[in-house]
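Just entry-v9.txt here, compact mmCIF, C-alpha atoms:
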# COMPACT_ATOMS: atom_id res chain seq x y z
CA MET A 1409 49.65 -0.50 -39.81
CA SER A 1410 46.09 0.60 -39.58
CA THR A 1411 44.07 2.22 -42.34
CA GLN A 1412 40.49 3.45 -42.13
CA SER A 1413 38.91 0.54 -44.00
CA LEU A 1414 41.07 -1.99 -42.13
CA ASP A 1415 40.09 -0.42 -38.79
CA ASN A 1416 36.45 -0.56 -39.82
CA MET A 1417 36.72 -4.23 -40.78
CA VAL A 1418 38.38 -5.06 -37.44
CA ALA A 1419 35.67 -3.14 -35.54
CA ARG A 1420 32.87 -4.96 -37.40
CA LEU A 1421 34.41 -8.39 -36.81
CA ASN A 1422 35.04 -7.52 -33.16
CA ARG A 1423 31.28 -7.06 -32.65
CA LEU A 1424 30.62 -10.75 -33.37
CA PRO A 1425 30.20 -12.99 -30.31
CA GLY A 1426 33.42 -14.65 -29.13
CA ILE A 1427 35.56 -12.60 -31.52
CA GLY A 1428 37.92 -10.53 -29.36
CA ILE A 1429 40.11 -7.74 -30.69
CA LYS A 1430 43.11 -10.04 -31.32
CA THR A 1431 41.01 -12.55 -33.25
CA ALA A 1432 39.34 -9.73 -35.19
CA GLN A 1433 42.77 -8.38 -36.19
CA ARG A 1434 44.02 -11.83 -37.16
CA LEU A 1435 40.93 -12.45 -39.32
CA ALA A 1436 41.10 -8.97 -40.87
CA TYR A 1437 44.75 -9.29 -41.88
CA HIS A 1438 44.00 -12.74 -43.28
CA ILE A 1439 41.07 -11.37 -45.32
CA LEU A 1440 43.38 -8.72 -46.85
CA THR A 1441 45.53 -11.55 -48.23
CA LEU A 1442 42.62 -13.46 -49.82
CA ALA A 1443 41.69 -13.26 -53.50
CA PRO A 1444 39.13 -10.43 -53.99
CA GLU A 1445 36.55 -12.95 -55.33
CA ASP A 1446 36.87 -15.02 -52.14
CA VAL A 1447 36.26 -11.95 -49.98
CA ARG A 1448 33.24 -11.06 -52.11
CA GLY A 1449 32.07 -14.67 -51.83
CA LEU A 1450 32.25 -14.50 -48.04
CA ALA A 1451 30.53 -11.10 -47.91
CA ASP A 1452 27.77 -12.25 -50.29
CA ALA A 1453 27.27 -15.45 -48.27
CA LEU A 1454 26.57 -13.34 -45.16
CA THR A 1455 24.11 -10.95 -46.80
CA ALA A 1456 22.39 -13.65 -48.89
CA ALA A 1457 21.81 -15.85 -45.86
CA ARG A 1458 20.48 -12.94 -43.81
CA GLU A 1459 18.16 -11.86 -46.63
CA ARG A 1460 16.84 -15.31 -47.55
CA VAL A 1461 16.59 -17.08 -44.22
CA HIS A 1462 13.54 -16.40 -42.06
CA TYR A 1463 11.61 -18.16 -39.31
CA CYS A 1464 9.30 -21.06 -40.15
CA PRO A 1465 5.78 -19.79 -39.27
CA VAL A 1466 4.88 -23.16 -37.71
CA CYS A 1467 7.86 -24.11 -35.57
CA GLY A 1468 10.17 -21.06 -35.48
CA ASN A 1469 13.08 -22.88 -37.11
CA PHE A 1470 15.19 -21.14 -39.77
CA THR A 1471 14.18 -21.70 -43.38
CA GLU A 1472 14.56 -20.22 -46.86
CA ASP A 1473 11.22 -21.64 -48.00
CA GLU A 1474 7.67 -21.10 -46.78
CA LEU A 1475 7.95 -23.90 -44.23
CA CYS A 1476 11.15 -25.37 -42.78
CA SER A 1477 12.39 -28.71 -44.12
CA VAL A 1478 11.00 -30.60 -41.10
CA CYS A 1479 7.50 -29.04 -41.17
CA ALA A 1480 7.34 -29.49 -44.97
CA ASP A 1481 8.30 -33.18 -44.79
CA PRO A 1482 5.18 -35.41 -44.92
CA ARG A 1483 7.14 -38.33 -43.43
CA ARG A 1484 7.74 -36.47 -40.16
CA ASP A 1485 5.28 -37.25 -37.37
CA LYS A 1486 3.58 -33.94 -36.56
CA LYS A 1487 1.91 -35.49 -33.51
CA VAL A 1488 5.20 -35.38 -31.61
CA ILE A 1489 6.78 -31.98 -30.95
CA CYS A 1490 10.31 -31.58 -29.61
CA VAL A 1491 10.77 -28.22 -27.87
CA VAL A 1492 14.24 -26.66 -28.12
CA LYS A 1493 15.83 -23.37 -27.14
CA ASP A 1494 16.99 -22.23 -30.58
CA ALA A 1495 17.39 -23.24 -34.22
CA ARG A 1496 20.93 -24.48 -33.66
CA ASP A 1497 19.55 -27.08 -31.26
CA VAL A 1498 17.37 -28.37 -34.11
CA SER A 1499 20.50 -28.98 -36.17
CA TYR A 1500 22.09 -30.89 -33.23
CA MET A 1501 18.94 -33.01 -32.88
CA GLU A 1502 18.79 -33.71 -36.62
CA ARG A 1503 22.42 -34.82 -36.60
CA MET A 1504 21.31 -37.75 -34.41
CA ARG A 1505 19.05 -39.02 -37.28
CA GLU A 1506 16.85 -40.89 -34.77
CA TYR A 1507 14.10 -38.34 -34.22
CA HIS A 1508 11.22 -38.31 -36.70
CA GLY A 1509 8.77 -35.86 -35.12
CA ALA A 1510 8.40 -32.09 -35.44
CA TYR A 1511 10.03 -29.23 -33.50
CA HIS A 1512 9.12 -26.09 -31.68
CA VAL A 1513 11.85 -23.47 -31.37
CA LEU A 1514 11.39 -21.24 -28.32
CA GLY A 1515 13.91 -18.58 -29.31
CA GLY A 1516 15.37 -18.46 -25.80
CA THR A 1517 14.80 -19.75 -22.28
CA LEU A 1518 13.11 -18.22 -19.26
CA SER A 1519 15.60 -16.09 -17.34
CA PRO A 1520 14.18 -13.68 -14.76
CA MET A 1521 17.73 -12.35 -14.13
CA ASP A 1522 17.95 -11.24 -17.77
CA GLY A 1523 14.34 -10.09 -17.88
CA VAL A 1524 13.20 -12.92 -20.14
CA GLY A 1525 9.66 -13.95 -19.19
CA PRO A 1526 7.15 -16.41 -20.71
CA GLU A 1527 5.83 -13.77 -23.12
CA ASP A 1528 9.32 -13.18 -24.54
CA ILE A 1529 9.75 -16.70 -25.93
CA ARG A 1530 7.41 -18.73 -28.16
CA ILE A 1531 5.44 -20.49 -25.40
CA ALA A 1532 2.00 -19.15 -26.40
CA GLU A 1533 2.62 -20.43 -29.96
CA LEU A 1534 3.44 -23.87 -28.54
CA VAL A 1535 0.26 -23.89 -26.44
CA SER A 1536 -1.74 -22.94 -29.57
CA ARG A 1537 -0.15 -25.74 -31.60
CA VAL A 1538 -1.05 -28.27 -28.91
CA ARG A 1539 -4.55 -26.87 -28.45
CA GLU A 1540 -5.36 -26.69 -32.17
CA GLY A 1541 -3.47 -29.69 -33.51
CA ASP A 1542 -3.64 -33.43 -32.96
CA VAL A 1543 -0.55 -33.61 -30.71
CA LYS A 1544 0.06 -36.71 -28.64
CA GLU A 1545 3.45 -35.91 -27.07
CA VAL A 1546 5.58 -32.84 -26.36
CA ILE A 1547 9.24 -33.61 -25.63
CA LEU A 1548 10.98 -30.86 -23.69
CA ALA A 1549 14.60 -30.74 -24.90
CA THR A 1550 15.80 -27.49 -23.42
CA ASP A 1551 19.33 -27.60 -21.97
CA PRO A 1552 19.67 -29.26 -18.53
CA ASP A 1553 20.91 -26.04 -16.92
CA VAL A 1554 19.03 -23.75 -14.52
CA GLU A 1555 17.19 -21.75 -17.20
CA GLY A 1556 16.50 -24.83 -19.32
CA GLU A 1557 15.03 -26.78 -16.38
CA ALA A 1558 12.92 -23.81 -15.28
CA THR A 1559 11.64 -23.35 -18.83
CA ALA A 1560 10.79 -27.06 -19.11
CA ALA A 1561 8.96 -26.99 -15.77
CA TYR A 1562 6.99 -23.90 -16.76
CA ILE A 1563 5.96 -25.34 -20.14
CA ALA A 1564 5.11 -28.72 -18.60
CA LYS A 1565 2.70 -26.97 -16.21
CA GLN A 1566 1.00 -25.09 -19.08
CA LEU A 1567 0.64 -28.18 -21.25
CA LYS A 1568 -0.49 -30.65 -18.59
CA GLU A 1569 -3.67 -28.55 -18.26
CA LEU A 1570 -4.41 -29.45 -21.89
CA GLY A 1571 -4.08 -33.16 -21.16
CA VAL A 1572 -1.18 -33.78 -23.56
CA LYS A 1573 1.66 -36.16 -22.68
CA VAL A 1574 4.73 -34.11 -21.75
CA THR A 1575 8.18 -35.69 -21.51
CA ARG A 1576 11.64 -34.42 -20.65
CA ILE A 1577 14.79 -35.76 -22.33
CA ALA A 1578 16.79 -37.88 -19.89
CA HIS A 1579 19.77 -36.62 -17.93
CA GLY A 1580 22.22 -38.56 -20.05
CA ILE A 1581 23.48 -35.12 -20.90
CA PRO A 1582 26.01 -33.85 -18.33
CA ILE A 1583 24.37 -31.46 -15.87
CA GLY A 1584 25.37 -27.87 -16.60
CA GLY A 1585 26.28 -28.75 -20.18
CA ASN A 1586 24.41 -27.91 -23.34
CA LEU A 1587 23.28 -29.74 -26.47
CA GLU A 1588 26.10 -28.37 -28.58
CA TYR A 1589 28.84 -30.46 -26.97
CA VAL A 1590 27.01 -33.75 -26.63
CA ASP A 1591 27.88 -36.66 -28.93
CA GLU A 1592 25.14 -38.29 -31.01
CA MET A 1593 25.01 -41.48 -28.91
CA THR A 1594 24.53 -39.61 -25.63
CA LEU A 1595 21.84 -37.50 -27.24
CA PHE A 1596 20.15 -40.66 -28.55
CA LYS A 1597 20.18 -42.20 -25.05
CA ALA A 1598 18.81 -38.98 -23.60
CA MET A 1599 15.94 -39.09 -26.07
CA GLU A 1600 15.30 -42.81 -25.48
CA ASN A 1601 15.18 -42.41 -21.70
CA ARG A 1602 12.90 -39.41 -21.70
CA ARG A 1603 10.47 -39.48 -18.78
CA GLU A 1604 6.94 -38.18 -18.44
CA LEU A 1605 6.53 -35.07 -16.30
CA MET B 292 18.01 -26.69 -39.31
CA SER B 293 20.24 -26.14 -42.27
CA THR B 294 19.29 -24.27 -45.41
CA GLN B 295 21.39 -23.77 -48.52
CA SER B 296 22.37 -20.16 -47.84
CA LEU B 297 23.01 -20.92 -44.16
CA ASP B 298 25.21 -23.90 -45.10
CA ASN B 299 27.08 -21.71 -47.56
CA MET B 300 27.67 -19.02 -44.91
CA VAL B 301 28.94 -21.62 -42.43
CA ALA B 302 31.27 -23.10 -45.07
CA ARG B 303 32.67 -19.67 -45.96
CA LEU B 304 33.27 -18.72 -42.32
CA ASN B 305 34.81 -22.14 -41.66
CA ARG B 306 37.54 -21.36 -44.24
CA LEU B 307 38.89 -18.51 -42.12
CA PRO B 308 41.94 -19.33 -39.98
CA GLY B 309 41.11 -20.44 -36.45
CA ILE B 310 37.38 -20.66 -37.19
CA GLY B 311 36.38 -24.30 -36.71
CA ILE B 312 33.01 -25.72 -37.72
CA LYS B 313 31.43 -25.08 -34.27
CA THR B 314 32.57 -21.45 -34.23
CA ALA B 315 31.43 -20.99 -37.84
CA GLN B 316 27.97 -22.30 -36.91
CA ARG B 317 27.79 -20.10 -33.84
CA LEU B 318 28.75 -17.01 -35.86
CA ALA B 319 26.36 -17.91 -38.69
CA TYR B 320 23.36 -18.35 -36.39
CA HIS B 321 24.26 -15.09 -34.69
CA ILE B 322 24.46 -13.29 -38.04
CA LEU B 323 20.94 -14.51 -38.91
CA THR B 324 19.66 -12.70 -35.82
CA LEU B 325 21.36 -9.36 -36.63
CA ALA B 326 19.59 -6.43 -38.25
CA PRO B 327 19.97 -6.69 -42.07
CA GLU B 328 21.82 -3.35 -42.17
CA ASP B 329 24.38 -4.63 -39.66
CA VAL B 330 25.02 -7.73 -41.78
CA ARG B 331 25.40 -5.53 -44.86
CA GLY B 332 27.73 -3.26 -42.88
CA LEU B 333 29.93 -6.21 -41.97
CA ALA B 334 29.91 -7.58 -45.52
CA ASP B 335 30.71 -4.16 -47.00
CA ALA B 336 33.53 -3.65 -44.48
CA LEU B 337 35.19 -6.85 -45.70
CA THR B 338 34.93 -6.10 -49.41
CA ALA B 339 35.78 -2.39 -49.03
CA ALA B 340 38.92 -3.16 -47.04
CA ARG B 341 40.02 -5.84 -49.51
CA GLU B 342 39.41 -3.49 -52.46
CA ARG B 343 41.02 -0.38 -50.99
CA VAL B 344 43.95 -1.75 -49.03
CA HIS B 345 47.13 -2.62 -50.93
CA TYR B 346 50.83 -2.96 -50.18
CA CYS B 347 53.00 0.14 -49.71
CA PRO B 348 55.46 0.03 -52.65
CA VAL B 349 58.32 1.12 -50.37
CA CYS B 350 57.98 -1.04 -47.25
CA GLY B 351 55.32 -3.65 -48.03
CA ASN B 352 53.01 -2.46 -45.25
CA PHE B 353 49.23 -2.24 -45.84
CA THR B 354 47.88 1.13 -46.97
CA GLU B 355 44.87 2.71 -48.65
CA ASP B 356 46.98 5.59 -50.00
CA GLU B 357 49.95 5.68 -52.35
CA LEU B 358 52.43 5.25 -49.49
CA CYS B 359 51.70 3.84 -46.04
CA SER B 360 51.30 6.26 -43.13
CA VAL B 361 54.85 5.60 -41.88
CA CYS B 362 56.59 6.03 -45.24
CA ALA B 363 54.49 9.16 -45.95
CA ASP B 364 55.34 10.76 -42.59
CA PRO B 365 58.25 13.26 -42.97
CA ARG B 366 58.95 13.07 -39.22
CA ARG B 367 59.87 9.39 -39.41
CA ASP B 368 63.59 8.65 -39.68
CA LYS B 369 64.00 6.81 -43.00
CA LYS B 370 67.63 6.03 -42.16
CA VAL B 371 66.54 3.38 -39.69
CA ILE B 372 64.60 0.38 -41.02
CA CYS B 373 62.88 -2.12 -38.74
CA VAL B 374 62.36 -5.46 -40.49
CA VAL B 375 59.24 -7.44 -39.50
CA LYS B 376 57.53 -10.59 -40.69
CA ASP B 377 54.16 -9.10 -41.65
CA ALA B 378 51.99 -5.99 -41.55
CA ARG B 379 50.39 -7.01 -38.26
CA ASP B 380 53.83 -6.80 -36.62
CA VAL B 381 54.01 -3.17 -37.77
CA SER B 382 50.82 -2.46 -35.83
CA TYR B 383 52.30 -4.10 -32.70
CA MET B 384 55.47 -2.01 -33.05
CA GLU B 385 53.49 1.18 -33.55
CA ARG B 386 51.44 0.48 -30.45
CA MET B 387 54.68 0.91 -28.46
CA ARG B 388 54.91 4.58 -29.65
CA GLU B 389 58.68 4.58 -29.06
CA TYR B 390 59.96 3.73 -32.53
CA HIS B 391 60.38 6.60 -34.98
CA GLY B 392 62.09 4.92 -37.94
CA ALA B 393 60.73 3.18 -41.03
CA TYR B 394 59.72 -0.46 -41.61
CA HIS B 395 60.31 -3.25 -44.05
CA VAL B 396 57.65 -5.95 -44.16
CA LEU B 397 59.02 -9.30 -45.34
CA GLY B 398 55.67 -10.98 -45.95
CA GLY B 399 56.83 -14.17 -44.25
CA THR B 400 59.90 -15.87 -42.79
CA LEU B 401 62.36 -18.37 -44.24
CA SER B 402 61.06 -21.88 -43.71
CA PRO B 403 62.70 -24.65 -45.76
CA MET B 404 60.20 -27.14 -44.33
CA ASP B 405 57.34 -25.16 -45.90
CA GLY B 406 59.29 -24.44 -49.07
CA VAL B 407 59.73 -20.72 -48.27
CA GLY B 408 63.13 -19.55 -49.54
CA PRO B 409 64.84 -16.12 -49.68
CA GLU B 410 63.23 -15.35 -53.06
CA ASP B 411 59.73 -15.90 -51.62
CA ILE B 412 59.90 -13.04 -49.12
CA ARG B 413 60.87 -9.40 -49.65
CA ILE B 414 64.60 -9.71 -48.93
CA ALA B 415 65.82 -8.48 -52.36
CA GLU B 416 63.66 -5.35 -51.90
CA LEU B 417 65.30 -4.76 -48.51
CA VAL B 418 68.80 -5.13 -49.98
CA SER B 419 67.84 -2.64 -52.73
CA ARG B 420 66.53 -0.14 -50.17
CA VAL B 421 69.79 -0.36 -48.22
CA ARG B 422 71.94 -0.20 -51.34
CA GLU B 423 70.09 2.74 -52.90
CA GLY B 424 69.09 4.74 -49.82
CA ASP B 425 70.97 6.49 -47.06
CA VAL B 426 70.36 3.79 -44.42
CA LYS B 427 72.41 3.78 -41.24
CA GLU B 428 70.77 0.92 -39.30
CA VAL B 429 68.60 -2.10 -40.01
CA ILE B 430 66.85 -3.54 -36.95
CA LEU B 431 65.83 -7.16 -37.37
CA ALA B 432 62.55 -7.64 -35.49
CA THR B 433 61.42 -11.02 -36.75
CA ASP B 434 59.95 -13.31 -34.06
CA PRO B 435 62.50 -15.06 -31.79
CA ASP B 436 61.44 -18.52 -32.97
CA VAL B 437 63.36 -20.91 -35.25
CA GLU B 438 62.18 -19.36 -38.55
CA GLY B 439 62.51 -15.81 -37.26
CA GLU B 440 66.07 -16.35 -36.02
CA ALA B 441 67.07 -18.08 -39.28
CA THR B 442 65.57 -15.23 -41.29
CA ALA B 443 67.37 -12.62 -39.18
CA ALA B 444 70.69 -14.47 -39.55
CA TYR B 445 70.25 -14.76 -43.32
CA ILE B 446 69.38 -11.07 -43.75
CA ALA B 447 72.23 -9.99 -41.43
CA LYS B 448 74.69 -11.88 -43.64
CA GLN B 449 73.34 -10.18 -46.81
CA LEU B 450 73.39 -6.70 -45.31
CA LYS B 451 76.77 -6.86 -43.56
CA GLU B 452 78.35 -7.12 -47.01
CA LEU B 453 76.91 -3.66 -47.73
CA GLY B 454 78.57 -2.21 -44.61
CA VAL B 455 75.32 -1.15 -42.91
CA LYS B 456 74.84 -1.51 -39.14
CA VAL B 457 72.54 -4.48 -38.49
CA THR B 458 70.95 -5.04 -35.08
CA ARG B 459 68.62 -7.64 -33.61
CA ILE B 460 65.92 -6.82 -31.05
CA ALA B 461 66.87 -8.17 -27.62
CA HIS B 462 65.58 -11.41 -26.21
CA GLY B 463 63.33 -9.67 -23.76
CA ILE B 464 60.63 -11.45 -25.71
CA PRO B 465 60.04 -14.98 -24.42
CA ILE B 466 61.76 -17.57 -26.61
CA GLY B 467 59.25 -19.38 -28.78
CA GLY B 468 56.76 -16.53 -28.43
CA ASN B 469 55.75 -13.99 -31.01
CA LEU B 470 55.26 -10.24 -31.17
CA GLU B 471 51.51 -10.48 -30.91
CA TYR B 472 51.44 -11.48 -27.25
CA VAL B 473 54.15 -9.21 -25.89
CA ASP B 474 53.20 -6.20 -23.78
CA GLU B 475 54.40 -2.74 -24.81
CA MET B 476 57.02 -2.46 -22.04
CA THR B 477 58.67 -5.77 -22.91
CA LEU B 478 58.70 -4.76 -26.56
CA PHE B 479 60.24 -1.40 -25.61
CA LYS B 480 63.01 -3.15 -23.62
CA ALA B 481 63.59 -5.52 -26.50
CA MET B 482 64.06 -2.58 -28.86
CA GLU B 483 66.27 -0.69 -26.38
CA ASN B 484 68.57 -3.67 -25.82
CA ARG B 485 68.98 -4.53 -29.48
CA ARG B 486 72.49 -5.77 -30.24
CA GLU B 487 74.63 -5.45 -33.34
CA LEU B 488 75.08 -8.64 -35.35

Since I need it in another form, could you write the structure as structure tokens?
Amino acid sequence: MSTQSLDNMVARLNRLPGIGIKTAQRLAYHILTLAPEDVRGLADALTAARERVHYCPVCGNFTEDELCSVCADPRRDKKVICVVKDARDVSYMERMREYHGAYHVLGGTLSPMDGVGPEDIRIAELVSRVREGDVKEVILATDPDVEGEATAAYIAKQLKELGVKVTRIAHGIPIGGNLEYVDEMTLFKAMENRREL
Amino acid sequence: MSTQSLDNMVARLNRLPGIGIKTAQRLAYHILTLAPEDVRGLADALTAARERVHYCPVCGNFTEDELCSVCADPRRDKKVICVVKDARDVSYMERMREYHGAYHVLGGTLSPMDGVGPEDIRIAELVSRVREGDVKEVILATDPDVEGEATAAYIAKQLKELGVKVTRIAHGIPIGGNLEYVDEMTLFKAMENRREL
């Protein structure tokens, strides 16, 4: 049976992406059966993460510190920048453990249909990094779908004018797929076979 | 990239039923992009519901008040008790809008394989309600799966000794299914065609 606070919990959960009304109800009823300290632990984890985590001012990755763990690591090669759609893609790349350069998180991909243009994602910041820093290669690792390819092509055009080497990760990744569902070995091959644009 | 508070949020979400690591990550990264007040609203909804909602002392349903909304409603026929597995099943029954009796929430079903015996679910409370109250019919609406049927058979045996009419909802519900995925009309037919045990 519904109660006001239960209804509110279901409605809040239902707003999350991929959480339909049935799933929201299932989660809500489960949460009512948890120990109060576990519910508080979950709630605190959400608010603490949202309060503490912010964007790295250099690369746009998520961090709790001034710089993200990659930008703050002196062993990472800052002369190579891997460009990805969002911060989750950084975590997929890092899982591979074979990339030792830096990142640039775009915060989206070009999508004229959705009204997302070059000024809506962090392309100008990337151009500045390349112009002002000692960058020898920019690896474009946006997803190999329509928006990802268009974004890579657009960025490649901007950067070539600056004379930097621009590469695209190889199509070892299934066309139409995205980085999330690729195994580490495929991702490693895709990085290894990157080609200059 | 992972941070401590982000990792903690992912781990907490991953503990919820049906939320695998990929879904937990997707939700966590989404939550980081929400307005802080929306994250606090979600977190508060979880803790408030867990703090305010408790079991109805009569039927075992969830409620924020002393009695649940069904038990507190004088228009509901307390002489008919519909027995369900859990509080979510009450919400599915209520959605039908054709049942005007009371409920009894078992809080589970008999499952020897999982070590759930008659003393682990609210069967004694049901027997007490029938023995002490003026009950003319008990409708067994546990799911038509192995555990649900076994639970219904066990309860029927206990209650028949008290001379009360015991019925089982009809098998309009697909065998092996559960109340969650049944449409209102099928559920209505199942209630209408209930048979005495």

Exercise for review: Name the residues in contact with range 1531-1546 of chain A at a cut-off of 9 Å, using all atoms listed in the file, excluding same-chain residues fewer than 3 positions from it; report them as a ChimeraX atom specification.
Suggested key: /A:1466-1467,1486-1491,1512-1514,1526-1528,1563-1564,1566-1567,1570,1572-1576

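Here CA of Thr1594 in chain A and CA of Arg1483 in chain A stand 24.9 Å from one another.
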
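Residue-level contacts from chain B to chain A at 6 Å, counting only C-alpha atoms, read B:Met292, B:Ser296, B:Leu297, B:Met300, B:Arg303, B:Leu323, B:Arg331, B:Leu333, B:Ala334, B:Ala336, B:Leu337, B:Thr338, B:Ala340, B:Arg341, B:Val381, B:Ser382.
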
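Coordinates place CA of Glu483 in chain B at a distance of 11.9 Å from CA of Met387 in chain B.
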
Point to revise | Gap from CA of Ala481 in chain B to CA of Ile460 in chain B - Å, one decimal | key: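 CA of Ala481 in chain B sits 5.3 Å away from CA of Ile460 in chain B.
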
Let me have the centre and edge lengths of the axis-aligned box enclosing all listed atoms of range 397-412 of chain B with 5 Å padding on every side, in Å to one decimal, as lines of an AutoDock Vina configuration file.
center_x = 60.3
center_y = -18.2
center_z = -47.9
size_x = 19.2
size_y = 27.8
size_z = 20.3

Check your understanding: Which residue gives the smallest distance to Gly399 in chain B among B:Asp364, B:Glu357, B:Glu475, B:Asp434, with all atoms listed in the file counted?
Key ->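 Using all atoms listed in the file, Gly399 in chain B sits closest to B:Asp434.
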
Please identify all polymer residues within 10 Å of Glu1557 in chain A, counting only C-alpha atoms, omitting same-chain residues fewer than 4 positions from it, and present them as a CSV table (one decimal) with C-alpha atoms, in the coordinates of the input.
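Saved as out_21.csv:
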chain,number,residue,atom,x,y,z
A,1517,THR,CA,14.8,-19.8,-22.3
A,1518,LEU,CA,13.1,-18.2,-19.3
A,1548,LEU,CA,11.0,-30.9,-23.7
A,1549,ALA,CA,14.6,-30.7,-24.9
A,1550,THR,CA,15.8,-27.5,-23.4
A,1551,ASP,CA,19.3,-27.6,-22.0
A,1552,PRO,CA,19.7,-29.3,-18.5
A,1553,ASP,CA,20.9,-26.0,-16.9
A,1561,ALA,CA,9.0,-27.0,-15.8
A,1562,TYR,CA,7.0,-23.9,-16.8
A,1563,ILE,CA,6.0,-25.3,-20.1
A,1576,ARG,CA,11.6,-34.4,-20.6

Could I see range 403-409 of chain B restored to all heavy atoms, set down as a PDB file, in the coordinates of the input?
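result-v3.pdb was written with the following content:
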ATOM      1  N   PRO B 403      62.429 -23.595 -44.765  1.00  0.00           N
ATOM      2  CA  PRO B 403      62.700 -24.650 -45.760  1.00  0.00           C
ATOM      3  C   PRO B 403      61.680 -25.771 -45.710  1.00  0.00           C
ATOM      4  O   PRO B 403      61.297 -26.316 -46.738  1.00  0.00           O
ATOM      5  CB  PRO B 403      64.094 -25.158 -45.352  1.00  0.00           C
ATOM      6  CG  PRO B 403      64.702 -24.049 -44.561  1.00  0.00           C
ATOM      7  CD  PRO B 403      63.567 -23.386 -43.861  1.00  0.00           C
ATOM      8  N   MET B 404      61.194 -26.079 -44.485  1.00  0.00           N
ATOM      9  CA  MET B 404      60.200 -27.140 -44.330  1.00  0.00           C
ATOM     10  C   MET B 404      58.929 -26.850 -45.114  1.00  0.00           C
ATOM     11  O   MET B 404      58.273 -27.753 -45.633  1.00  0.00           O
ATOM     12  CB  MET B 404      59.814 -27.308 -42.852  1.00  0.00           C
ATOM     13  CG  MET B 404      60.930 -27.765 -41.957  1.00  0.00           C
ATOM     14  SD  MET B 404      61.275 -29.520 -42.166  1.00  0.00           S
ATOM     15  CE  MET B 404      59.869 -30.222 -41.272  1.00  0.00           C
ATOM     16  N   ASP B 405      58.550 -25.551 -45.180  1.00  0.00           N
ATOM     17  CA  ASP B 405      57.340 -25.160 -45.900  1.00  0.00           C
ATOM     18  C   ASP B 405      57.648 -24.673 -47.313  1.00  0.00           C
ATOM     19  O   ASP B 405      56.777 -24.124 -47.988  1.00  0.00           O
ATOM     20  CB  ASP B 405      56.603 -24.049 -45.131  1.00  0.00           C
ATOM     21  CG  ASP B 405      56.217 -24.501 -43.728  1.00  0.00           C
ATOM     22  OD1 ASP B 405      55.754 -25.643 -43.588  1.00  0.00           O
ATOM     23  OD2 ASP B 405      56.380 -23.708 -42.785  1.00  0.00           O
ATOM     24  N   GLY B 406      58.917 -24.853 -47.720  1.00  0.00           N
ATOM     25  CA  GLY B 406      59.290 -24.440 -49.070  1.00  0.00           C
ATOM     26  C   GLY B 406      59.386 -22.930 -49.253  1.00  0.00           C
ATOM     27  O   GLY B 406      59.255 -22.426 -50.368  1.00  0.00           O
ATOM     28  N   VAL B 407      59.595 -22.176 -48.155  1.00  0.00           N
ATOM     29  CA  VAL B 407      59.730 -20.720 -48.270  1.00  0.00           C
ATOM     30  C   VAL B 407      61.214 -20.360 -48.256  1.00  0.00           C
ATOM     31  O   VAL B 407      61.896 -20.502 -47.236  1.00  0.00           O
ATOM     32  CB  VAL B 407      59.005 -19.991 -47.116  1.00  0.00           C
ATOM     33  CG1 VAL B 407      59.146 -18.480 -47.266  1.00  0.00           C
ATOM     34  CG2 VAL B 407      57.537 -20.394 -47.075  1.00  0.00           C
ATOM     35  N   GLY B 408      61.729 -19.926 -49.410  1.00  0.00           N
ATOM     36  CA  GLY B 408      63.130 -19.550 -49.540  1.00  0.00           C
ATOM     37  C   GLY B 408      63.297 -18.043 -49.595  1.00  0.00           C
ATOM     38  O   GLY B 408      62.304 -17.303 -49.563  1.00  0.00           O
ATOM     39  N   PRO B 409      64.546 -17.559 -49.673  1.00  0.00           N
ATOM     40  CA  PRO B 409      64.840 -16.120 -49.680  1.00  0.00           C
ATOM     41  C   PRO B 409      64.110 -15.355 -50.787  1.00  0.00           C
ATOM     42  O   PRO B 409      63.738 -14.196 -50.614  1.00  0.00           O
ATOM     43  CB  PRO B 409      66.355 -16.060 -49.888  1.00  0.00           C
ATOM     44  CG  PRO B 409      66.853 -17.384 -49.406  1.00  0.00           C
ATOM     45  CD  PRO B 409      65.774 -18.369 -49.729  1.00  0.00           C
TER      46      PRO B 409
END
